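Source file: my_file_38.cif. Holds: mmCIF, C-alpha atoms and all ligand atoms.
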```cif
data_query
#
loop_
_atom_site.group_PDB
_atom_site.id
_atom_site.type_symbol
_atom_site.label_atom_id
_atom_site.label_comp_id
_atom_site.auth_asym_id
_atom_site.auth_seq_id
_atom_site.Cartn_x
_atom_site.Cartn_y
_atom_site.Cartn_z
ATOM 1 C CA MET A 1 -6.715 -20.213 -1.298
ATOM 2 C CA PRO A 2 -5.444 -18.252 -4.293
ATOM 3 C CA THR A 3 -4.386 -20.354 -7.241
ATOM 4 C CA THR A 4 -0.956 -19.796 -8.734
ATOM 5 C CA SER A 5 0.262 -20.221 -12.262
ATOM 6 C CA SER A 6 3.961 -19.760 -12.935
ATOM 7 C CA ASP A 7 3.763 -16.007 -12.539
ATOM 8 C CA LEU A 8 0.230 -14.945 -11.679
ATOM 9 C CA LEU A 9 -1.456 -15.332 -8.391
ATOM 10 C CA ILE A 10 -5.187 -15.183 -9.017
ATOM 11 C CA VAL A 11 -7.307 -14.056 -6.115
ATOM 12 C CA PRO A 12 -10.566 -16.035 -6.185
ATOM 13 C CA ALA A 13 -13.930 -14.286 -6.182
ATOM 14 C CA GLU A 14 -14.761 -14.655 -2.488
ATOM 15 C CA GLN A 15 -11.517 -12.942 -1.492
ATOM 16 C CA GLN A 16 -11.761 -10.045 -3.877
ATOM 17 C CA SER A 17 -13.921 -7.777 -1.763
ATOM 18 C CA ASN A 18 -11.014 -5.957 -0.178
ATOM 19 C CA LEU A 19 -8.747 -5.905 -3.206
ATOM 20 C CA THR A 20 -9.239 -3.133 -5.700
ATOM 21 C CA ILE A 21 -11.134 -4.179 -8.826
ATOM 22 C CA ARG A 22 -7.987 -3.647 -10.860
ATOM 23 C CA ALA A 23 -5.890 -5.948 -8.703
ATOM 24 C CA LYS A 24 -7.603 -9.317 -8.911
ATOM 25 C CA ALA A 25 -4.544 -10.926 -10.385
ATOM 26 C CA LEU A 26 -1.288 -10.236 -8.638
ATOM 27 C CA ALA A 27 1.891 -10.879 -10.561
ATOM 28 C CA PHE A 28 4.638 -12.214 -8.308
ATOM 29 C CA ALA A 29 7.178 -14.243 -10.259
ATOM 30 C CA ASP A 30 10.530 -13.165 -8.830
ATOM 31 C CA PRO A 31 11.999 -15.247 -5.974
ATOM 32 C CA ARG A 32 12.235 -12.045 -3.876
ATOM 33 C CA SER A 33 8.512 -11.402 -4.359
ATOM 34 C CA ARG A 34 7.635 -14.999 -3.543
ATOM 35 C CA HIS A 35 9.715 -14.664 -0.377
ATOM 36 C CA LEU A 36 7.895 -11.439 0.450
ATOM 37 C CA LEU A 37 4.505 -13.140 0.081
ATOM 38 C CA THR A 38 5.587 -16.000 2.354
ATOM 39 C CA GLN A 39 6.791 -13.486 4.932
ATOM 40 C CA LEU A 40 3.467 -11.615 4.786
ATOM 41 C CA ASP A 41 1.423 -14.811 4.956
ATOM 42 C CA GLU A 42 3.250 -15.738 8.158
ATOM 43 C CA LEU A 43 2.547 -12.314 9.661
ATOM 44 C CA ALA A 44 -1.087 -12.136 8.473
ATOM 45 C CA PRO A 45 -2.851 -14.035 11.304
ATOM 46 C CA GLN A 46 -0.813 -12.361 14.052
ATOM 47 C CA VAL A 47 -1.913 -9.255 15.927
ATOM 48 C CA GLN A 48 1.327 -7.287 15.866
ATOM 49 C CA PRO A 49 1.533 -4.141 13.702
ATOM 50 C CA VAL A 50 3.240 -4.457 10.335
ATOM 51 C CA VAL A 51 5.247 -1.786 8.516
ATOM 52 C CA LEU A 52 5.375 -2.098 4.741
ATOM 53 C CA ALA A 53 8.500 -0.165 3.783
ATOM 54 C CA GLY A 54 9.140 0.479 0.132
ATOM 55 C CA GLU A 55 9.494 3.105 -2.543
ATOM 56 C CA TRP A 56 6.589 4.867 -4.209
ATOM 57 C CA GLY A 57 4.496 2.548 -6.367
ATOM 58 C CA THR A 58 5.930 -0.767 -5.143
ATOM 59 C CA GLY A 59 2.509 -2.173 -4.234
ATOM 60 C CA ARG A 60 2.400 -1.325 -0.527
ATOM 61 C CA GLU A 61 -1.351 -0.782 -0.416
ATOM 62 C CA LEU A 62 -2.095 -3.868 -2.463
ATOM 63 C CA LEU A 63 0.010 -5.927 -0.048
ATOM 64 C CA ALA A 64 -1.666 -4.293 2.942
ATOM 65 C CA ARG A 65 -5.049 -5.397 1.551
ATOM 66 C CA ARG A 66 -3.742 -8.888 0.986
ATOM 67 C CA LEU A 67 -2.396 -9.002 4.539
ATOM 68 C CA HIS A 68 -5.849 -8.105 5.807
ATOM 69 C CA GLU A 69 -7.524 -10.682 3.532
ATOM 70 C CA ARG A 70 -5.358 -13.393 4.980
ATOM 71 C CA SER A 71 -5.584 -12.229 8.614
ATOM 72 C CA GLY A 72 -8.905 -13.929 9.315
ATOM 73 C CA ARG A 73 -10.154 -10.626 10.739
ATOM 74 C CA THR A 74 -13.818 -10.071 9.963
ATOM 75 C CA GLY A 75 -13.915 -6.267 10.245
ATOM 76 C CA LEU A 76 -13.231 -3.770 7.498
ATOM 77 C CA PHE A 77 -9.970 -2.816 5.856
ATOM 78 C CA SER A 78 -9.618 0.977 5.981
ATOM 79 C CA SER A 79 -6.915 2.912 4.245
ATOM 80 C CA LEU A 80 -5.692 6.421 4.876
ATOM 81 C CA ASN A 81 -2.692 8.500 3.837
ATOM 82 C CA CYS A 82 -1.407 10.315 6.930
ATOM 83 C CA ALA A 83 -0.474 13.373 4.864
ATOM 84 C CA SER A 84 -4.182 13.851 4.138
ATOM 85 C CA LEU A 85 -5.149 14.209 7.814
ATOM 86 C CA SER A 86 -6.274 17.684 8.752
ATOM 87 C CA ARG A 87 -3.716 19.552 10.878
ATOM 88 C CA ARG A 88 -6.386 20.878 13.215
ATOM 89 C CA HIS A 89 -8.745 17.921 13.392
ATOM 90 C CA GLY A 90 -6.395 14.976 12.841
ATOM 91 C CA ALA A 91 -7.092 13.438 16.269
ATOM 92 C CA ALA A 92 -10.866 13.604 15.686
ATOM 93 C CA GLU A 93 -10.475 12.094 12.210
ATOM 94 C CA LEU A 94 -8.412 9.204 13.549
ATOM 95 C CA PHE A 95 -10.082 8.528 16.875
ATOM 96 C CA GLY A 96 -13.531 10.083 16.434
ATOM 97 C CA TYR A 97 -15.497 12.427 18.672
ATOM 98 C CA VAL A 98 -18.513 12.331 20.961
ATOM 99 C CA PRO A 99 -21.618 14.576 20.652
ATOM 100 C CA ARG A 100 -20.909 18.226 21.410
ATOM 101 C CA ALA A 101 -17.125 17.689 21.331
ATOM 102 C CA TYR A 102 -16.980 20.838 19.185
ATOM 103 C CA ALA A 103 -19.114 23.920 19.424
ATOM 104 C CA GLY A 104 -21.978 23.420 17.014
ATOM 105 C CA THR A 105 -21.647 19.633 16.554
ATOM 106 C CA SER A 106 -24.430 17.484 17.932
ATOM 107 C CA GLY A 107 -23.458 14.245 16.175
ATOM 108 C CA SER A 108 -20.602 11.884 16.801
ATOM 109 C CA ARG A 109 -17.999 10.168 14.622
ATOM 110 C CA VAL A 110 -16.294 6.846 15.213
ATOM 111 C CA GLY A 111 -13.173 7.945 13.324
ATOM 112 C CA TRP A 112 -10.821 5.752 11.295
ATOM 113 C CA PHE A 113 -10.100 3.505 14.260
ATOM 114 C CA GLY A 114 -13.797 2.990 14.874
ATOM 115 C CA THR A 115 -14.419 2.119 11.234
ATOM 116 C CA ALA A 116 -11.588 -0.415 11.239
ATOM 117 C CA ASN A 117 -12.617 -1.966 14.574
ATOM 118 C CA GLY A 118 -12.340 -5.741 14.216
ATOM 119 C CA GLY A 119 -10.419 -5.223 10.974
ATOM 120 C CA SER A 120 -7.251 -3.534 9.788
ATOM 121 C CA LEU A 121 -6.239 0.101 9.419
ATOM 122 C CA TYR A 122 -3.644 0.930 6.776
ATOM 123 C CA LEU A 123 -1.858 4.189 7.588
ATOM 124 C CA ASP A 124 0.263 5.064 4.591
ATOM 125 C CA GLU A 125 3.237 7.420 4.932
ATOM 126 C CA ILE A 126 3.127 7.112 8.702
ATOM 127 C CA ALA A 127 6.135 9.451 9.046
ATOM 128 C CA ASP A 128 3.779 12.253 7.933
ATOM 129 C CA LEU A 129 1.658 11.789 11.058
ATOM 130 C CA PRO A 130 1.992 14.916 13.245
ATOM 131 C CA ARG A 131 4.190 14.311 16.279
ATOM 132 C CA GLU A 132 1.406 14.492 18.871
ATOM 133 C CA LEU A 133 -0.588 11.897 16.921
ATOM 134 C CA GLN A 134 2.474 9.642 16.742
ATOM 135 C CA GLN A 135 2.606 9.844 20.534
ATOM 136 C CA GLU A 136 -1.099 9.128 20.851
ATOM 137 C CA LEU A 137 -0.843 6.222 18.403
ATOM 138 C CA ALA A 138 1.921 4.653 20.522
ATOM 139 C CA ARG A 139 -0.447 4.883 23.480
ATOM 140 C CA VAL A 140 -3.315 3.339 21.501
ATOM 141 C CA LEU A 141 -1.087 0.405 20.579
ATOM 142 C CA GLN A 142 0.073 0.006 24.155
ATOM 143 C CA GLU A 143 -3.377 0.175 25.737
ATOM 144 C CA GLY A 144 -5.626 -1.176 22.983
ATOM 145 C CA SER A 145 -7.944 1.797 23.446
ATOM 146 C CA ILE A 146 -8.602 5.200 21.936
ATOM 147 C CA LEU A 147 -9.684 8.502 23.425
ATOM 148 C CA ARG A 148 -12.509 10.076 21.442
ATOM 149 C CA LEU A 149 -12.427 13.839 21.355
ATOM 150 C CA GLY A 150 -14.681 15.254 24.069
ATOM 151 C CA SER A 151 -14.813 11.970 25.999
ATOM 152 C CA SER A 152 -13.257 11.435 29.409
ATOM 153 C CA GLN A 153 -13.038 7.674 28.994
ATOM 154 C CA ARG A 154 -10.985 5.565 26.665
ATOM 155 C CA THR A 155 -12.826 3.118 24.372
ATOM 156 C CA GLU A 156 -11.405 -0.329 23.693
ATOM 157 C CA VAL A 157 -10.614 -1.063 20.059
ATOM 158 C CA ASP A 158 -9.370 -4.135 18.233
ATOM 159 C CA VAL A 159 -7.570 -2.767 15.194
ATOM 160 C CA ARG A 160 -4.649 -4.356 13.353
ATOM 161 C CA LEU A 161 -2.341 -1.531 12.361
ATOM 162 C CA ILE A 162 -0.560 -1.750 9.025
ATOM 163 C CA ALA A 163 1.735 1.183 8.335
ATOM 164 C CA GLY A 164 3.253 2.132 5.003
ATOM 165 C CA SER A 165 6.400 4.189 4.575
ATOM 166 C CA SER A 166 8.595 5.336 1.746
ATOM 167 C CA VAL A 167 11.099 6.861 4.155
ATOM 168 C CA GLU A 168 13.525 4.860 6.299
ATOM 169 C CA LEU A 169 11.801 5.065 9.668
ATOM 170 C CA ALA A 170 14.882 3.938 11.639
ATOM 171 C CA GLN A 171 16.766 6.910 10.176
ATOM 172 C CA ALA A 172 13.848 9.230 10.887
ATOM 173 C CA VAL A 173 13.956 8.082 14.537
ATOM 174 C CA GLU A 174 17.698 8.723 14.688
ATOM 175 C CA ALA A 175 17.213 12.153 13.164
ATOM 176 C CA GLY A 176 14.604 12.901 15.840
ATOM 177 C CA HIS A 177 11.735 13.169 13.335
ATOM 178 C CA PHE A 178 9.828 10.043 14.335
ATOM 179 C CA GLU A 179 8.579 9.072 17.778
ATOM 180 C CA VAL A 180 10.838 6.432 19.284
ATOM 181 C CA ARG A 181 8.018 4.876 21.355
ATOM 182 C CA LEU A 182 5.896 4.357 18.259
ATOM 183 C CA TRP A 183 8.877 2.874 16.442
ATOM 184 C CA GLU A 184 9.379 0.408 19.318
ATOM 185 C CA PHE A 185 5.834 -0.872 18.747
ATOM 186 C CA ILE A 186 5.842 -1.062 14.969
ATOM 187 C CA GLY A 187 9.536 -1.626 14.112
ATOM 188 C CA PRO A 188 9.541 -5.383 14.922
ATOM 189 C CA GLY A 189 6.945 -5.890 12.153
ATOM 190 C CA LEU A 190 9.043 -4.204 9.453
ATOM 191 C CA VAL A 191 8.771 -5.812 6.015
ATOM 192 C CA SER A 192 10.853 -4.375 3.158
ATOM 193 C CA ILE A 193 9.235 -4.343 -0.260
ATOM 194 C CA PRO A 194 11.972 -4.389 -2.886
ATOM 195 C CA PRO A 195 11.780 -1.863 -5.739
ATOM 196 C CA LEU A 196 10.815 -3.281 -9.137
ATOM 197 C CA ARG A 197 14.428 -3.033 -10.423
ATOM 198 C CA GLU A 198 15.464 -5.506 -7.699
ATOM 199 C CA ARG A 199 12.897 -8.147 -8.702
ATOM 200 C CA PRO A 200 13.555 -8.413 -12.419
ATOM 201 C CA ALA A 201 11.565 -11.622 -12.948
ATOM 202 C CA ASP A 202 8.358 -9.718 -12.063
ATOM 203 C CA LEU A 203 8.797 -7.175 -14.846
ATOM 204 C CA LEU A 204 7.537 -8.990 -17.950
ATOM 205 C CA PRO A 205 4.710 -10.925 -16.224
ATOM 206 C CA LEU A 206 3.527 -7.616 -14.725
ATOM 207 C CA ALA A 207 3.794 -5.895 -18.100
ATOM 208 C CA ARG A 208 1.732 -8.617 -19.815
ATOM 209 C CA HIS A 209 -0.745 -8.538 -16.950
ATOM 210 C CA PHE A 210 -1.294 -4.766 -17.242
ATOM 211 C CA LEU A 211 -1.521 -4.958 -21.038
ATOM 212 C CA ALA A 212 -4.202 -7.636 -20.813
ATOM 213 C CA GLN A 213 -6.080 -5.782 -18.075
ATOM 214 C CA HIS A 214 -6.138 -2.410 -19.858
ATOM 215 C CA ALA A 215 -6.821 -3.961 -23.273
ATOM 216 C CA GLU A 216 -9.870 -5.669 -21.784
ATOM 217 C CA ARG A 217 -11.103 -2.350 -20.400
ATOM 218 C CA LEU A 218 -10.570 -0.691 -23.767
ATOM 219 C CA GLY A 219 -12.286 -3.599 -25.533
ATOM 220 C CA CYS A 220 -9.317 -4.481 -27.730
ATOM 221 C CA ALA A 221 -7.037 -7.488 -28.025
ATOM 222 C CA PRO A 222 -3.839 -7.127 -25.970
ATOM 223 C CA PRO A 223 -0.905 -6.509 -28.306
ATOM 224 C CA ALA A 224 2.040 -8.847 -27.866
ATOM 225 C CA LEU A 225 5.334 -7.468 -26.595
ATOM 226 C CA THR A 226 8.027 -7.612 -29.277
ATOM 227 C CA SER A 227 11.583 -8.489 -28.327
ATOM 228 C CA ASP A 228 12.440 -4.773 -28.741
ATOM 229 C CA ASP A 229 9.624 -3.851 -26.361
ATOM 230 C CA GLU A 230 10.903 -6.386 -23.831
ATOM 231 C CA ALA A 231 14.472 -5.087 -24.123
ATOM 232 C CA ALA A 232 13.242 -1.513 -23.616
ATOM 233 C CA LEU A 233 11.289 -2.528 -20.500
ATOM 234 C CA ILE A 234 14.326 -4.334 -19.096
ATOM 235 C CA ASP A 235 16.652 -1.373 -19.787
ATOM 236 C CA TYR A 236 14.465 1.200 -18.064
ATOM 237 C CA PRO A 237 15.216 1.757 -14.313
ATOM 238 C CA TRP A 238 11.545 2.176 -13.198
ATOM 239 C CA PRO A 239 11.994 4.875 -10.544
ATOM 240 C CA GLY A 240 8.197 4.904 -10.106
ATOM 241 C CA ASN A 241 8.072 1.126 -9.810
ATOM 242 C CA ILE A 242 4.908 -0.871 -10.579
ATOM 243 C CA ARG A 243 2.666 2.183 -10.651
ATOM 244 C CA GLU A 244 4.881 3.721 -13.352
ATOM 245 C CA LEU A 245 4.980 0.446 -15.299
ATOM 246 C CA GLU A 246 1.190 0.351 -15.304
ATOM 247 C CA GLN A 247 0.953 3.984 -16.441
ATOM 248 C CA VAL A 248 3.497 3.447 -19.223
ATOM 249 C CA LEU A 249 1.651 0.418 -20.585
ATOM 250 C CA HIS A 250 -1.670 2.201 -20.361
ATOM 251 C CA THR A 251 -0.244 5.161 -22.303
ATOM 252 C CA ALA A 252 1.357 2.811 -24.840
ATOM 253 C CA LEU A 253 -1.958 1.069 -25.412
ATOM 254 C CA LEU A 254 -3.803 4.350 -25.907
ATOM 255 C CA THR A 255 -1.215 5.607 -28.399
ATOM 256 C CA THR A 256 -0.436 2.342 -30.170
ATOM 257 C CA SER A 257 -0.485 2.357 -33.956
ATOM 258 C CA THR A 258 0.057 -0.203 -36.692
ATOM 259 C CA ALA A 259 3.757 0.084 -35.794
ATOM 260 C CA GLY A 260 2.970 -1.614 -32.448
ATOM 261 C CA LEU A 261 3.534 -0.424 -28.899
ATOM 262 C CA GLN A 262 7.020 0.950 -29.570
ATOM 263 C CA LEU A 263 7.896 0.999 -25.897
ATOM 264 C CA GLY A 264 11.515 1.899 -26.685
ATOM 265 C CA LYS A 265 10.455 5.276 -28.104
ATOM 266 C CA LEU A 266 8.009 5.963 -25.289
ATOM 267 C CA LEU A 267 10.532 5.141 -22.557
ATOM 268 C CA THR A 268 13.277 7.197 -24.211
ATOM 269 C CA ARG A 269 10.913 10.185 -24.163
ATOM 270 C CA LEU A 270 10.173 9.585 -20.461
ATOM 271 C CA HIS A 271 13.846 9.190 -19.635
ATOM 272 C CA ARG A 272 14.655 12.578 -21.186
ATOM 273 C CA ARG A 273 12.103 14.442 -19.065
HETATM 274 N N1 LIG A 301 2.152 -7.648 -7.768
HETATM 275 C C1 LIG A 301 1.228 -6.926 -8.394
HETATM 276 N N2 LIG A 301 0.422 -7.514 -9.332
HETATM 277 C C2 LIG A 301 -0.497 -6.774 -9.991
HETATM 278 N N3 LIG A 301 -0.695 -5.463 -9.792
HETATM 279 C C3 LIG A 301 0.079 -4.833 -8.888
HETATM 280 C C4 LIG A 301 1.070 -5.546 -8.142
HETATM 281 N N4 LIG A 301 1.686 -4.660 -7.302
HETATM 282 C C5 LIG A 301 1.112 -3.469 -7.517
HETATM 283 N N5 LIG A 301 0.135 -3.560 -8.462
HETATM 284 C C6 LIG A 301 -0.672 -2.434 -8.978
HETATM 285 O O1 LIG A 301 0.223 -1.329 -9.099
HETATM 286 C C7 LIG A 301 -0.386 -0.115 -8.671
HETATM 287 C C8 LIG A 301 0.391 0.464 -7.500
HETATM 288 O O2 LIG A 301 0.190 -0.361 -6.370
HETATM 289 P P1 LIG A 301 -0.147 0.265 -4.926
HETATM 290 O O3 LIG A 301 -1.104 1.392 -5.010
HETATM 291 O O4 LIG A 301 -0.464 -0.859 -4.003
HETATM 292 O O5 LIG A 301 1.321 0.819 -4.577
HETATM 293 P P2 LIG A 301 1.777 1.814 -3.444
HETATM 294 O O6 LIG A 301 3.150 1.371 -3.063
HETATM 295 O O7 LIG A 301 0.761 1.898 -2.354
HETATM 296 O O8 LIG A 301 1.828 3.132 -4.293
HETATM 297 P P3 LIG A 301 1.876 4.681 -3.829
HETATM 298 O O9 LIG A 301 3.300 4.934 -3.438
HETATM 299 O O10 LIG A 301 1.471 5.400 -5.060
HETATM 300 O O11 LIG A 301 0.934 4.855 -2.696
HETATM 301 C C9 LIG A 301 -1.824 -0.471 -8.336
HETATM 302 O O12 LIG A 301 -2.643 -0.244 -9.470
HETATM 303 C C10 LIG A 301 -1.751 -1.968 -8.007
HETATM 304 O O13 LIG A 301 -2.993 -2.608 -8.255
HETATM 305 MG MG MG A 302 -0.257 3.693 -1.616
#
```
Encoding of this model in structure tokens:
Amino acid sequence: MPTTSSDLLIVPAEQQSNLTIRAKALAFADPRSRHLLTQLDELAPQVQPVVLAGEWGTGRELLARRLHERSGRTGLFSSLNCASLSRRHGAAELFGYVPRAYAGTSGSRVGWFGTANGGSLYLDEIADLPRELQQELARVLQEGSILRLGSSQRTEVDVRLIAGSSVELAQAVEAGHFEVRLWEFIGPGLVSIPPLRERPADLLPLARHFLAQHAERLGCAPPALTSDDEAALIDYPWPGNIRELEQVLHTALLTTSTAGLQLGKLLTRLHRR
């Protein structure tokens, strides 16, 4: 079990394998974040697909990894951004292919679903999945099997689907841009991840966490946040959420002088861009 201090949730060594190296300590201090973690912990051991809906940089992938860690599933966690799938070969990338499926290919590929068999597959920005693959994915979820390219038989798979989305999928369905059958399968597992500005109690613990983490990497002592720094962090709207917060603190550390971090100046410059 992870240990918790007032604002840091430390993931112990044996659970770290699927978390990124940089995310061993998760800062979740705000009541909304604590609620989110409870919600995810309840969903973790179930088989139903989960949709992590939130803005860019809110920690969707990190939470997807945590969901997998706590699922009890022994297979791998695989992560893929749907926008990166090839237009022509997307089905083969996702579901794999058998020998000689293409002219000139003698080998086979298990595809993303094969790799995640027994584990979890995180499909980020699922609305970017081409329509025919959305339809096929709905079928995979319904039947628990995939059709490898070039094969005439479906292969059973046991993959927990975790989808990520920064667009409102219900609206995309209404607008006719997202497959209603797929939505029927994944919609019941929708979990909203609030943007950083809506969980204010996370802000300073996260900021201190990133300062300590990056200072350690740079081999220097983490500078303390002054009250001006804290006020500047609180004033800024964080459109890029936690990812932006991390980048800002990293930049501040690299450019810090004897005058300190001077986050107010840095954030004013960013705001003007
Ligand atoms: N609660 C947290 N505690 C510590 N670090 C966090 C937390 N949430 C997110 N991070 C860190 O913030 C960064 C962004 O998180 P992540 O990549 O999971 O977000 P995302 O929503 O998938 O982002 P993107 O929209 O860019 O795909 C990562 O470096 C992650 O480790
Ligand atoms: Mg991501």
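The residues that lie within 12 Å of the point (11.8, -9.6, -23.6), counting only C-alpha atoms, are Pro200, Ala201, Leu203, Leu204, Pro205, Ala207, Arg208, Ala224, Leu225, Thr226, Ser227, Asp228, Asp229, Glu230, Ala231, Ala232, Leu233, Ile234, Asp235, Leu263 and Gly264 of chain A.
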Can I get the selected residues back with C-alpha atoms, as a PDB file, keeping the file's coordinate frame?
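The resulting result26.pdb:
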```pdb
ATOM      1  CA  PRO A 200      13.555  -8.413 -12.419  1.00  0.00           C
ATOM      2  CA  ALA A 201      11.565 -11.622 -12.948  1.00  0.00           C
ATOM      3  CA  LEU A 203       8.797  -7.175 -14.846  1.00  0.00           C
ATOM      4  CA  LEU A 204       7.537  -8.990 -17.950  1.00  0.00           C
ATOM      5  CA  PRO A 205       4.710 -10.925 -16.224  1.00  0.00           C
ATOM      6  CA  ALA A 207       3.794  -5.895 -18.100  1.00  0.00           C
ATOM      7  CA  ARG A 208       1.732  -8.617 -19.815  1.00  0.00           C
ATOM      8  CA  ALA A 224       2.040  -8.847 -27.866  1.00  0.00           C
ATOM      9  CA  LEU A 225       5.334  -7.468 -26.595  1.00  0.00           C
ATOM     10  CA  THR A 226       8.027  -7.612 -29.277  1.00  0.00           C
ATOM     11  CA  SER A 227      11.583  -8.489 -28.327  1.00  0.00           C
ATOM     12  CA  ASP A 228      12.440  -4.773 -28.741  1.00  0.00           C
ATOM     13  CA  ASP A 229       9.624  -3.851 -26.361  1.00  0.00           C
ATOM     14  CA  GLU A 230      10.903  -6.386 -23.831  1.00  0.00           C
ATOM     15  CA  ALA A 231      14.472  -5.087 -24.123  1.00  0.00           C
ATOM     16  CA  ALA A 232      13.242  -1.513 -23.616  1.00  0.00           C
ATOM     17  CA  LEU A 233      11.289  -2.528 -20.500  1.00  0.00           C
ATOM     18  CA  ILE A 234      14.326  -4.334 -19.096  1.00  0.00           C
ATOM     19  CA  ASP A 235      16.652  -1.373 -19.787  1.00  0.00           C
ATOM     20  CA  LEU A 263       7.896   0.999 -25.897  1.00  0.00           C
ATOM     21  CA  GLY A 264      11.515   1.899 -26.685  1.00  0.00           C
TER      22      GLY A 264
END
```
Q. Once you count all atoms listed in the file, which residues end up within 9 Å of ligand LIG 301 (chain A), and could you hand them over as a ChimeraX atom specification?
A. /A:8-9,19-29,33,52-65,81,124-125,164-166,193,202,205-206,209-210,240-247
Q.
List the spatial neighbours of Pro99 (chain A) as a ChimeraX atom specification - criterion: any atom at most 12 Å away, all atoms listed in the file, same-chain residues fewer than 6 positions off excluded.
A. /A:92,105-110,148-151
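One distance worth recording is that between CA of Pro45 (chain A) and CA of Gly72 (chain A), which is 6.4 Å.
When the PyMOL selection byres (((chain A and resi 116) around 9) and not hetatm) is evaluated on the file shown here, the picked residues come out as Gly75, Leu76, Phe77, Ser78, Gly111, Trp112, Phe113, Gly114, Thr115, Asn117, Gly118, Gly119, Ser120, Leu121, Val157, Asp158, Val159 and Arg160 of chain A.
Of the residues under consideration (A:Val98, A:Leu123, A:Leu218, A:Arg272), A:Val98 shows the shortest atom-to-atom contact distance to Ser152 (chain A) when counting all atoms listed in the file.
Coordinates place CA of Arg66 (chain A) at a distance of 22.0 Å from CA of His214 (chain A).
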Could the centre and edge lengths of an axis-aligned box, enclosing all atoms of region 126-133 of chain A in the file with 3 Å extra on each side, be given in Å to one decimal as JSON?
```
{"center_x": 2.8, "center_y": 11.0, "center_z": 13.4, "size_x": 12.7, "size_y": 13.8, "size_z": 16.9}
```
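Distances here use all atoms listed in the file; by that measure, the residue among A:Ser192, A:Ser79, A:Ala212, A:Leu85 closest to ligand MG 302 (chain A) is A:Ser79.
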Q: Compile the contact shell of Leu266 (chain A) as a ChimeraX atom specification: residues with an atom at most 9 Å away, counting only C-alpha atoms, same-chain residues fewer than 4 positions apart removed.
A: /A:248,251-252,261-262,270-271
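Interatomic distance, CA of Leu147 (chain A) to CA of Ala170 (chain A): 27.6 Å.
The nearest approach to ligand MG 302 (chain A) among the residues A:Leu80, A:Leu196, A:Leu129, A:Leu36, with all atoms listed in the file taken into account, belongs to A:Leu80.
Proximity to Arg139 (chain A) was assessed for A:Phe178, A:Tyr102, A:Tyr236, A:Phe185 counting all atoms listed in the file; the smallest distance is recorded for A:Phe185.
Residue nearest ligand MG 302 (chain A), chosen from A:Ala83, A:Arg199, A:Gly260, A:Glu136 and counting only C-alpha atoms and all ligand atoms: A:Ala83.
By chain and then residue number, the residues within 9 Å of Trp183 (chain A) are A:Ala138, A:Leu169, A:Ala170, A:Val173, A:Phe178, A:Glu179, A:Val180, A:Ile186, A:Gly187, A:Pro188, counting all atoms listed in the file and disregarding those fewer than 3 positions away in sequence.
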Q. Nearest to ligand MG 302 (chain A): which of A:Tyr97, A:Leu67, A:Cys82, A:Ser257 is it, counting all atoms listed in the file?
A. A:Cys82
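The residue set within 8 Å of Pro222 (chain A), counting all atoms listed in the file and dropping same-chain residues fewer than 6 places from it, reads Leu211, Ala212, Ala215 and Glu216 of chain A.
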